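Student: Structure file entry.cif (mmCIF, C-alpha atoms and all ligand atoms) is given on the next line.
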```cif
data_data
#
loop_
_atom_site.label_atom_id
_atom_site.label_comp_id
_atom_site.auth_asym_id
_atom_site.auth_seq_id
_atom_site.Cartn_x
_atom_site.Cartn_y
_atom_site.Cartn_z
CA MET A 154 26.59 -33.49 -27.07
CA GLN A 155 24.48 -30.56 -28.13
CA TYR A 156 23.35 -27.70 -26.04
CA VAL A 157 20.52 -25.53 -27.18
CA VAL A 158 19.76 -22.60 -25.02
CA PHE A 159 16.75 -20.42 -25.42
CA PHE A 160 16.42 -17.27 -23.49
CA LEU A 161 12.96 -15.88 -23.57
CA SER A 162 12.88 -12.49 -22.04
CA ILE A 163 9.71 -10.58 -21.74
CA PHE A 164 10.16 -6.98 -20.79
CA MET A 165 7.08 -5.16 -19.72
CA CYS A 166 6.93 -1.58 -20.79
CA ILE A 167 5.32 0.44 -18.09
CA GLY A 168 4.41 3.97 -19.04
CA ALA A 169 1.62 6.43 -18.94
CA GLY A 170 -1.69 4.79 -19.59
CA THR A 171 -0.46 1.24 -19.40
CA ALA A 172 -1.57 -1.17 -16.76
CA TYR A 173 0.87 -2.23 -14.10
CA ALA A 174 1.16 -5.93 -14.68
CA GLY A 175 3.85 -6.69 -12.12
CA THR A 176 1.48 -7.52 -9.33
CA ASN A 177 -1.50 -8.55 -11.41
CA VAL A 178 -2.16 -11.53 -9.24
CA PRO A 179 -3.10 -11.54 -5.57
CA TYR A 180 -0.14 -11.74 -3.23
CA VAL A 181 0.78 -14.77 -1.23
CA VAL A 182 2.40 -14.43 2.17
CA ASP A 183 6.21 -14.39 2.04
CA THR A 184 8.77 -14.15 4.82
CA ASN A 185 8.55 -10.34 4.90
CA THR A 186 4.76 -10.09 4.93
CA ILE A 187 3.47 -9.04 8.32
CA ALA A 188 -0.15 -8.47 7.28
CA LEU A 189 -2.09 -9.14 4.06
CA TYR A 190 -5.74 -8.44 3.32
CA HIS A 191 -7.52 -9.76 0.24
CA PHE A 192 -10.86 -8.22 1.28
CA ASP A 193 -12.72 -11.13 -0.30
CA GLU A 194 -14.81 -11.92 2.76
CA ALA A 195 -15.88 -10.77 6.19
CA THR A 196 -17.60 -12.49 9.06
CA LEU A 197 -19.48 -10.39 11.59
CA GLY A 198 -17.61 -7.32 10.42
CA VAL A 199 -14.15 -8.88 10.61
CA THR A 200 -12.06 -9.50 7.48
CA PRO A 201 -9.20 -11.98 7.67
CA ASP A 202 -5.47 -11.28 7.58
CA ALA A 203 -3.81 -13.90 5.34
CA VAL A 204 -0.89 -13.93 7.77
CA GLY A 205 -3.38 -14.60 10.53
CA ASN A 206 -2.23 -12.25 13.27
CA HIS A 207 -4.22 -9.06 12.71
CA PRO A 208 -7.74 -9.46 11.30
CA GLY A 209 -9.33 -6.17 10.25
CA THR A 210 -12.46 -4.70 11.80
CA LEU A 211 -14.86 -2.98 9.41
CA ASN A 212 -16.25 0.34 10.66
CA GLY A 213 -19.03 2.65 9.45
CA ASN A 214 -20.45 1.55 6.11
CA ALA A 215 -17.24 -0.20 5.06
CA ALA A 216 -18.25 -3.35 3.19
CA ILE A 217 -16.81 -6.25 1.26
CA SER A 218 -18.24 -5.84 -2.23
CA ALA A 219 -17.98 -7.25 -5.72
CA GLY A 220 -15.80 -5.35 -8.15
CA GLY A 221 -12.47 -5.51 -6.35
CA LYS A 222 -9.13 -5.66 -8.13
CA PHE A 223 -9.04 -9.39 -7.44
CA GLY A 224 -12.38 -10.90 -6.53
CA ASN A 225 -14.14 -8.77 -3.95
CA GLY A 226 -12.77 -5.54 -2.52
CA LEU A 227 -13.33 -3.04 0.26
CA LEU A 228 -16.00 -0.47 -0.60
CA LEU A 229 -15.82 2.86 1.28
CA ASP A 230 -18.18 5.84 0.99
CA GLY A 231 -15.62 8.36 2.25
CA SER A 232 -17.43 9.26 5.45
CA GLY A 233 -16.58 7.34 8.58
CA ASP A 234 -15.68 4.17 6.68
CA PHE A 235 -12.44 2.37 7.45
CA VAL A 236 -10.86 -0.89 8.58
CA ARG A 237 -8.91 -1.03 11.84
CA LEU A 238 -5.96 -3.43 11.81
CA GLY A 239 -4.42 -2.77 15.21
CA ASN A 240 -0.64 -2.46 15.57
CA VAL A 241 0.64 -4.94 13.00
CA HIS A 242 4.22 -4.54 14.26
CA GLN A 243 3.35 -6.08 17.61
CA ASP A 244 2.05 -9.54 18.53
CA PRO A 245 4.51 -10.74 17.33
CA VAL A 246 7.09 -7.94 17.38
CA LYS A 247 8.41 -7.00 13.93
CA ILE A 248 11.27 -4.73 12.93
CA THR A 249 10.32 -1.13 12.15
CA TRP A 250 13.56 0.34 10.77
CA GLN A 251 12.32 -0.42 7.29
CA GLY A 252 8.97 -1.29 5.80
CA THR A 253 6.43 -1.10 3.00
CA VAL A 254 2.70 -0.44 2.86
CA GLU A 255 0.78 -0.89 -0.36
CA ALA A 256 -2.70 -1.26 -1.79
CA TRP A 257 -4.65 -1.42 -5.00
CA VAL A 258 -6.97 1.58 -5.04
CA LYS A 259 -9.83 2.77 -7.23
CA LEU A 260 -10.65 6.29 -6.08
CA SER A 261 -14.08 7.80 -6.60
CA SER A 262 -14.48 11.30 -8.01
CA ALA A 263 -15.66 12.69 -4.67
CA LEU A 264 -12.13 13.00 -3.32
CA PRO A 265 -11.87 15.37 -0.35
CA PRO A 266 -8.85 17.70 -0.03
CA THR A 267 -7.28 15.32 2.48
CA PHE A 268 -7.70 11.57 2.21
CA ALA A 269 -5.81 8.60 3.56
CA VAL A 270 -5.60 5.23 1.86
CA LEU A 271 -3.33 3.74 4.52
CA ALA A 272 -2.20 5.31 7.78
CA SER A 273 -1.06 4.53 11.29
CA GLY A 274 -1.51 6.44 14.52
CA ARG A 275 -4.13 6.73 17.16
CA GLU A 276 -7.57 5.31 16.72
CA TYR A 277 -9.92 6.92 14.18
CA GLY A 278 -10.97 10.18 15.81
CA GLY A 279 -7.90 10.16 18.09
CA TYR A 280 -6.41 13.12 16.21
CA TRP A 281 -2.80 12.07 16.04
CA ASP A 282 -1.10 10.34 13.13
CA ASP A 283 1.98 8.41 14.11
CA GLY A 284 3.90 6.53 11.47
CA TRP A 285 2.92 6.14 7.83
CA PHE A 286 0.44 8.07 5.68
CA LEU A 287 -0.37 7.24 2.06
CA GLY A 288 -2.77 9.68 0.46
CA ARG A 289 -3.03 13.45 0.18
CA TRP A 290 -2.65 15.92 3.02
CA ALA A 291 -4.14 19.26 2.01
CA THR A 292 -2.08 21.48 4.31
CA THR A 293 1.10 20.49 2.48
CA GLY A 294 -0.27 22.53 -0.40
CA SER A 295 0.31 19.72 -2.89
CA PRO A 296 -2.56 18.30 -4.96
CA ASN A 297 -0.58 15.11 -5.39
CA LEU A 298 -0.62 11.66 -3.95
CA SER A 299 2.16 11.46 -1.37
CA PHE A 300 3.68 9.08 1.10
CA MET A 301 4.85 10.44 4.43
CA ILE A 302 6.39 9.31 7.66
CA TRP A 303 5.12 11.31 10.59
CA LYS A 304 7.60 11.93 13.37
CA GLU A 305 6.53 13.84 16.44
CA GLY A 306 8.55 17.01 16.90
CA PHE A 307 10.24 16.53 13.55
CA GLY A 308 7.43 17.14 11.11
CA MET A 309 6.24 15.10 8.19
CA GLN A 310 8.81 13.44 5.98
CA VAL A 311 7.18 13.67 2.56
CA ALA A 312 7.74 11.88 -0.71
CA ASP A 313 5.44 13.62 -3.21
CA SER A 314 4.59 11.46 -6.24
CA GLY A 315 4.12 14.44 -8.56
CA ILE A 316 0.86 12.83 -9.68
CA ALA A 317 -2.32 14.75 -8.94
CA ALA A 318 -4.69 12.53 -7.03
CA SER A 319 -7.39 13.52 -9.49
CA GLU A 320 -5.46 11.68 -12.20
CA LEU A 321 -5.85 8.47 -10.25
CA VAL A 322 -9.65 8.66 -10.03
CA GLY A 323 -11.78 6.03 -11.70
CA GLY A 324 -9.28 3.26 -12.41
CA TRP A 325 -7.32 0.73 -10.40
CA HIS A 326 -3.82 1.81 -9.38
CA HIS A 327 -1.16 0.17 -7.30
CA LEU A 328 0.10 2.59 -4.63
CA ALA A 329 2.99 1.92 -2.29
CA GLY A 330 5.09 3.73 0.27
CA THR A 331 8.36 2.53 1.76
CA TRP A 332 10.74 3.69 4.47
CA GLY A 333 14.22 2.65 5.50
CA PRO A 334 17.85 3.06 4.41
CA ALA A 335 16.82 4.13 0.89
CA GLY A 336 14.75 7.03 2.25
CA VAL A 337 11.02 7.63 2.14
CA GLN A 338 9.69 6.47 -1.20
CA VAL A 339 6.40 6.64 -3.06
CA TRP A 340 5.56 4.23 -5.88
CA VAL A 341 2.66 4.42 -8.34
CA ASP A 342 1.84 1.50 -10.62
CA GLY A 343 5.22 -0.09 -10.11
CA VAL A 344 7.25 3.04 -10.81
CA LEU A 345 9.30 4.85 -8.18
CA LYS A 346 7.97 8.41 -8.37
CA ASN A 347 9.99 10.13 -5.66
CA THR A 348 12.45 9.54 -2.84
CA ASN A 349 12.94 11.75 0.21
CA PHE A 350 16.56 11.01 1.18
CA ASN A 351 16.39 13.19 4.30
CA TYR A 352 14.75 10.58 6.46
CA THR A 353 16.22 7.10 6.66
CA SER A 354 15.16 6.20 10.17
CA GLY A 355 12.41 3.77 10.90
CA LEU A 356 8.93 4.23 12.22
CA PRO A 357 9.14 6.88 14.96
CA ASN A 358 6.95 4.91 17.33
CA PRO A 359 6.74 1.11 17.04
CA GLY A 360 4.06 1.33 19.70
CA TYR A 361 1.56 3.24 17.56
CA GLN A 362 -2.02 2.42 18.51
CA THR A 363 -3.38 1.12 15.23
CA ALA A 364 -3.05 0.89 11.47
CA LEU A 365 -6.08 2.05 9.49
CA VAL A 366 -7.22 1.29 5.94
CA GLY A 367 -9.20 4.04 4.20
CA ALA A 368 -8.77 6.66 6.91
CA GLU A 369 -6.36 8.25 9.40
CA SER A 370 -6.62 9.37 12.99
CA ASN A 371 -8.03 12.82 12.27
CA GLY A 372 -11.02 11.32 10.50
CA ASN A 373 -10.00 11.96 6.91
CA CYS A 374 -11.42 9.14 4.81
CA THR A 375 -11.13 7.86 1.26
CA PRO A 376 -14.12 7.23 -1.02
CA GLY A 377 -13.73 4.34 -3.44
CA MET A 378 -12.54 0.77 -3.42
CA ILE A 379 -9.39 -0.67 -1.86
CA ASP A 380 -8.07 -4.17 -2.39
CA GLU A 381 -5.03 -6.29 -1.62
CA VAL A 382 -3.44 -4.35 1.24
CA ARG A 383 0.00 -5.68 2.17
CA ILE A 384 2.29 -4.50 4.97
CA SER A 385 5.88 -5.74 5.00
CA ASP A 386 8.95 -5.48 7.21
CA ILE A 387 11.27 -4.83 4.28
CA GLN A 388 11.72 -1.82 2.01
CA ARG A 389 10.37 -3.42 -1.13
CA SER A 390 11.36 -2.45 -4.65
CA PHE A 391 8.71 -2.88 -7.30
CA GLN A 392 11.06 -2.02 -10.14
CA ALA A 393 12.43 -5.56 -9.94
CA LEU A 394 9.16 -6.76 -11.37
CA ARG A 395 10.16 -5.21 -14.70
CA LEU A 396 13.05 -7.65 -15.13
CA PRO A 397 12.73 -10.54 -17.57
CA SER A 398 9.75 -12.54 -16.47
CA ALA A 399 10.72 -15.82 -18.06
CA VAL A 400 14.00 -17.49 -18.82
CA LEU A 401 13.67 -20.78 -20.61
CA LEU A 402 16.67 -23.08 -20.63
CA LEU A 403 16.50 -26.20 -22.69
CA LEU A 404 19.34 -28.60 -22.35
CA LEU A 405 19.35 -31.24 -25.03
CA ASP A 406 21.77 -34.10 -24.59
CA ASP A 407 22.03 -36.58 -27.43
CA CA B 1 -9.85 -8.99 -3.22
CA CA B 2 -20.09 6.09 5.80
#
```
In structure tokens, what does this structure look like?
Ligand SMILES: [Ca+2]
Ligand SMILES: [Ca+2]

Tutor:
Amino acid sequence: MQYVVFFLSIFMCIGAGTAYAGTNVPYVVDTNTIALYHFDEATLGVTPDAVGNHPGTLNGNAAISAGGKFGNGLLLDGSGDFVRLGNVHQDPVKITWQGTVEAWVKLSSALPPTFAVLASGREYGGYWDDGWFLGRWATTGSPNLSFMIWKEGFGMQVADSGIAASELVGGWHHLAGTWGPAGVQVWVDGVLKNTNFNYTSGLPNPGYQTALVGAESNGNCTPGMIDEVRISDIQRSFQALRLPSAVLLLLLDD
């Protein structure tokens, strides 16, 4: 009896200037996906949720356009353009003590001081964020992409990526924010850039009015393209995607 074992381990080196290959295919719905948008199509201004519970409503000039990260994407001019998802943690009820929001984003050079890629809160124009915010909030004084959890009466719980938003202009980048027992985390291109350990509670208000793509409640919008938005009820780790991608075991029995 002869055993021949081949281990083929492919480690992806992810550093400055290299593409993030870990999620270089569109997602499929898994048990922790509560909403997933491929932005490949829209019918009468409504784009489907691959999970099926929370289709997105296009507002302003928001349009499904060629040139997405995978197939088509969501094209936004940065003024009044966004997609309303509703409260994705209701109907059916999902846990909120941990979670992840993420998107592929190609920012245009016309970035305003404050922009929101993904946010939750009141309706657009309702002037109250309430939950997650992925983008840049000018009054924090940081020029960087950040992820925050907003908690009324407690202030914003910020994880600052340390990466100036201007450095992200012009190319596709995978951006993610997580909350839960590990703290508030911000990920850029599959690398954990910062953790705020001071806040390990969940979403302050599971009854937030709506999630928004490309804007937040105060009307701050994001110019550029967004694709492949996924919202999950688990605090995902993207580092795991850097583990060996293939293990080949050949068992020869003669
Ligand atoms: Ca797409
Ligand atoms: Ca517009």

Student: Quick one: contact table of chain A to ligand CA 2 (chain B), 12 Å max, nearest atom pair and distance in Å to one decimal per residue, counting all atoms listed in the file, chain and number order, as JSON lines?

Tutor:
```
{"residue": "A:Leu211", "atom": "CA", "partner": "B:CA2", "partner_atom": "CA", "distance": 11.1}
{"residue": "A:Asn212", "atom": "CA", "partner": "B:CA2", "partner_atom": "CA", "distance": 8.5}
{"residue": "A:Gly213", "atom": "CA", "partner": "B:CA2", "partner_atom": "CA", "distance": 5.1}
{"residue": "A:Asn214", "atom": "CA", "partner": "B:CA2", "partner_atom": "CA", "distance": 4.6}
{"residue": "A:Ala215", "atom": "CA", "partner": "B:CA2", "partner_atom": "CA", "distance": 6.9}
{"residue": "A:Ala216", "atom": "CA", "partner": "B:CA2", "partner_atom": "CA", "distance": 10.0}
{"residue": "A:Leu228", "atom": "CA", "partner": "B:CA2", "partner_atom": "CA", "distance": 10.0}
{"residue": "A:Leu229", "atom": "CA", "partner": "B:CA2", "partner_atom": "CA", "distance": 7.0}
{"residue": "A:Asp230", "atom": "CA", "partner": "B:CA2", "partner_atom": "CA", "distance": 5.2}
{"residue": "A:Gly231", "atom": "CA", "partner": "B:CA2", "partner_atom": "CA", "distance": 6.1}
{"residue": "A:Ser232", "atom": "CA", "partner": "B:CA2", "partner_atom": "CA", "distance": 4.2}
{"residue": "A:Gly233", "atom": "CA", "partner": "B:CA2", "partner_atom": "CA", "distance": 4.6}
{"residue": "A:Asp234", "atom": "CA", "partner": "B:CA2", "partner_atom": "CA", "distance": 4.9}
{"residue": "A:Phe235", "atom": "CA", "partner": "B:CA2", "partner_atom": "CA", "distance": 8.7}
{"residue": "A:Val236", "atom": "CA", "partner": "B:CA2", "partner_atom": "CA", "distance": 11.9}
{"residue": "A:Gly367", "atom": "CA", "partner": "B:CA2", "partner_atom": "CA", "distance": 11.2}
{"residue": "A:Ala368", "atom": "CA", "partner": "B:CA2", "partner_atom": "CA", "distance": 11.4}
{"residue": "A:Gly372", "atom": "CA", "partner": "B:CA2", "partner_atom": "CA", "distance": 11.5}
{"residue": "A:Asn373", "atom": "CA", "partner": "B:CA2", "partner_atom": "CA", "distance": 11.7}
{"residue": "A:Cys374", "atom": "CA", "partner": "B:CA2", "partner_atom": "CA", "distance": 9.2}
{"residue": "A:Thr375", "atom": "CA", "partner": "B:CA2", "partner_atom": "CA", "distance": 10.2}
{"residue": "A:Pro376", "atom": "CA", "partner": "B:CA2", "partner_atom": "CA", "distance": 9.1}
{"residue": "A:Gly377", "atom": "CA", "partner": "B:CA2", "partner_atom": "CA", "distance": 11.4}
```

Student: Let me have all residues with an atom within 6 Å of ligand CA 1 (chain B), counting only C-alpha atoms and all ligand atoms, laid out as a count of residues only.

Tutor: 11

Student: For CA of Tyr361 in chain A and CA of His242 in chain A, determine how far apart the two atoms are, in Å to one decimal place.

Tutor: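 Interatomic distance, CA of Tyr361 in chain A to CA of His242 in chain A: 8.9 Å.
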
Student: Return the single residue from A:Pro208, A:Gly336, A:Gly284, A:Gly239 that is closest to Leu365 in chain A, with distances computed using only C-alpha atoms.

Tutor: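 When distances to Leu365 in chain A are compared using only C-alpha atoms, the smallest one comes from A:Gly239.
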
Student: Within 12 Å of Trp325 in chain A, counting only C-alpha atoms, which residues show up once you throw out same-chain ones fewer than 3 positions away? Write them as a ChimeraX atom specification, please.

Tutor: /A:170-174,177,220-223,226,256-261,320-322,328,341-342,377-381

Student: Those same residues, written as a PDB file, in the coordinates of the input with C-alpha atoms?

Tutor:
```pdb
ATOM      1  CA  GLY A 170      -1.690   4.790 -19.590  1.00  0.00           C
ATOM      2  CA  THR A 171      -0.460   1.240 -19.400  1.00  0.00           C
ATOM      3  CA  ALA A 172      -1.570  -1.170 -16.760  1.00  0.00           C
ATOM      4  CA  TYR A 173       0.870  -2.230 -14.100  1.00  0.00           C
ATOM      5  CA  ALA A 174       1.160  -5.930 -14.680  1.00  0.00           C
ATOM      6  CA  ASN A 177      -1.500  -8.550 -11.410  1.00  0.00           C
ATOM      7  CA  GLY A 220     -15.800  -5.350  -8.150  1.00  0.00           C
ATOM      8  CA  GLY A 221     -12.470  -5.510  -6.350  1.00  0.00           C
ATOM      9  CA  LYS A 222      -9.130  -5.660  -8.130  1.00  0.00           C
ATOM     10  CA  PHE A 223      -9.040  -9.390  -7.440  1.00  0.00           C
ATOM     11  CA  GLY A 226     -12.770  -5.540  -2.520  1.00  0.00           C
ATOM     12  CA  ALA A 256      -2.700  -1.260  -1.790  1.00  0.00           C
ATOM     13  CA  TRP A 257      -4.650  -1.420  -5.000  1.00  0.00           C
ATOM     14  CA  VAL A 258      -6.970   1.580  -5.040  1.00  0.00           C
ATOM     15  CA  LYS A 259      -9.830   2.770  -7.230  1.00  0.00           C
ATOM     16  CA  LEU A 260     -10.650   6.290  -6.080  1.00  0.00           C
ATOM     17  CA  SER A 261     -14.080   7.800  -6.600  1.00  0.00           C
ATOM     18  CA  GLU A 320      -5.460  11.680 -12.200  1.00  0.00           C
ATOM     19  CA  LEU A 321      -5.850   8.470 -10.250  1.00  0.00           C
ATOM     20  CA  VAL A 322      -9.650   8.660 -10.030  1.00  0.00           C
ATOM     21  CA  LEU A 328       0.100   2.590  -4.630  1.00  0.00           C
ATOM     22  CA  VAL A 341       2.660   4.420  -8.340  1.00  0.00           C
ATOM     23  CA  ASP A 342       1.840   1.500 -10.620  1.00  0.00           C
ATOM     24  CA  GLY A 377     -13.730   4.340  -3.440  1.00  0.00           C
ATOM     25  CA  MET A 378     -12.540   0.770  -3.420  1.00  0.00           C
ATOM     26  CA  ILE A 379      -9.390  -0.670  -1.860  1.00  0.00           C
ATOM     27  CA  ASP A 380      -8.070  -4.170  -2.390  1.00  0.00           C
ATOM     28  CA  GLU A 381      -5.030  -6.290  -1.620  1.00  0.00           C
TER      29      GLU A 381
END
```

Student: Restricting the calculation to only C-alpha atoms: of A:Ile217, A:Ala195, A:Leu287, A:Ala203, which residue gets closest to Arg383 in chain A?

Tutor: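 The answer is A:Ala203, which sits nearest to Arg383 in chain A.
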
Student: Need to verify the contact set: Leu298 in chain A, 8 Å, only C-alpha atoms, exclusion of same-chain residues closer than 5 positions in sequence. Can you return it as a list in words?

Tutor: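 Final neighbour list, sorted by chain and number: Leu287, Gly288, Arg289, Asp313, Ser314, Gly315, Ile316, Ala317 and Ala318 of chain A.
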
Student: With 3 Å on each side, where is the centre of the axis-aligned box around all listed atoms of range 235-241 of chain A, and how long are its edges in Å to one decimal, as lines of an AutoDock Vina configuration file?

Tutor:
```
center_x = -5.9
center_y = -1.3
center_z = 11.5
size_x = 19.1
size_y = 13.3
size_z = 14.1
```

Student: Go ahead and compute the interatomic distance for CA of Tyr190 in chain A and CA of Gly205 in chain A, in Å to one decimal.

Tutor: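 Computed distance, CA of Tyr190 in chain A to CA of Gly205 in chain A, equals 9.8 Å.
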
Student: When you draw a straight line from CA of Glu276 in chain A to CA of Asn206 in chain A, how long is it in Å?

Tutor: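 Rounded to one decimal, the two atoms are 18.7 Å apart.
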
Student: Which residue is closest to Ser354 in chain A? Choose from A:Trp285, A:Trp332, A:Tyr280, A:Trp303 and count all atoms listed in the file.

Tutor: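 Smallest distance to Ser354 in chain A is found for A:Trp332.
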
Student: So, with all atoms listed in the file as the atoms that count, which of A:Asn347, A:Ser295, A:Ser385, A:Asn371 lies closest to Val241 in chain A?

Tutor: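 Ranked by minimum distance to Val241 in chain A, first place goes to A:Ser385.
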
Student: Could you list, as a VMD selection string, every residue within 10 Å of Gln338 in chain A, counting only C-alpha atoms and ignoring same-chain residues fewer than 2 positions away?

Tutor: chain A and resid 253 299 to 302 311 to 314 329 to 333 335 to 336 340 345 to 350 388 to 390

Student: Can those selected residues be exported to a file as an mmCIF file, keeping the file's coordinate frame so that it contains C-alpha atoms?

Tutor:
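This is the output file result.cif:
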```cif
data_model
loop_
_atom_site.group_PDB
_atom_site.id
_atom_site.type_symbol
_atom_site.label_atom_id
_atom_site.label_comp_id
_atom_site.auth_asym_id
_atom_site.auth_seq_id
_atom_site.Cartn_x
_atom_site.Cartn_y
_atom_site.Cartn_z
ATOM 1 C CA THR A 253 6.430 -1.100 3.000
ATOM 2 C CA SER A 299 2.160 11.460 -1.370
ATOM 3 C CA PHE A 300 3.680 9.080 1.100
ATOM 4 C CA MET A 301 4.850 10.440 4.430
ATOM 5 C CA ILE A 302 6.390 9.310 7.660
ATOM 6 C CA VAL A 311 7.180 13.670 2.560
ATOM 7 C CA ALA A 312 7.740 11.880 -0.710
ATOM 8 C CA ASP A 313 5.440 13.620 -3.210
ATOM 9 C CA SER A 314 4.590 11.460 -6.240
ATOM 10 C CA ALA A 329 2.990 1.920 -2.290
ATOM 11 C CA GLY A 330 5.090 3.730 0.270
ATOM 12 C CA THR A 331 8.360 2.530 1.760
ATOM 13 C CA TRP A 332 10.740 3.690 4.470
ATOM 14 C CA GLY A 333 14.220 2.650 5.500
ATOM 15 C CA ALA A 335 16.820 4.130 0.890
ATOM 16 C CA GLY A 336 14.750 7.030 2.250
ATOM 17 C CA TRP A 340 5.560 4.230 -5.880
ATOM 18 C CA LEU A 345 9.300 4.850 -8.180
ATOM 19 C CA LYS A 346 7.970 8.410 -8.370
ATOM 20 C CA ASN A 347 9.990 10.130 -5.660
ATOM 21 C CA THR A 348 12.450 9.540 -2.840
ATOM 22 C CA ASN A 349 12.940 11.750 0.210
ATOM 23 C CA PHE A 350 16.560 11.010 1.180
ATOM 24 C CA GLN A 388 11.720 -1.820 2.010
ATOM 25 C CA ARG A 389 10.370 -3.420 -1.130
ATOM 26 C CA SER A 390 11.360 -2.450 -4.650
#
```

Student: Just want the 7 Å neighbourhood of Ile387 in chain A, counted on all atoms listed in the file, with same-chain residues fewer than 4 positions away dropped. Output as a ChimeraX atom specification.

Tutor: /A:185,251-253

Student: So, counting all atoms listed in the file, which residue among A:Gly274, A:Pro334, A:Gly279, A:Gly323 is closest to Gln362 in chain A?

Tutor: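 Closest to Gln362 in chain A, using all atoms listed in the file: A:Gly274.
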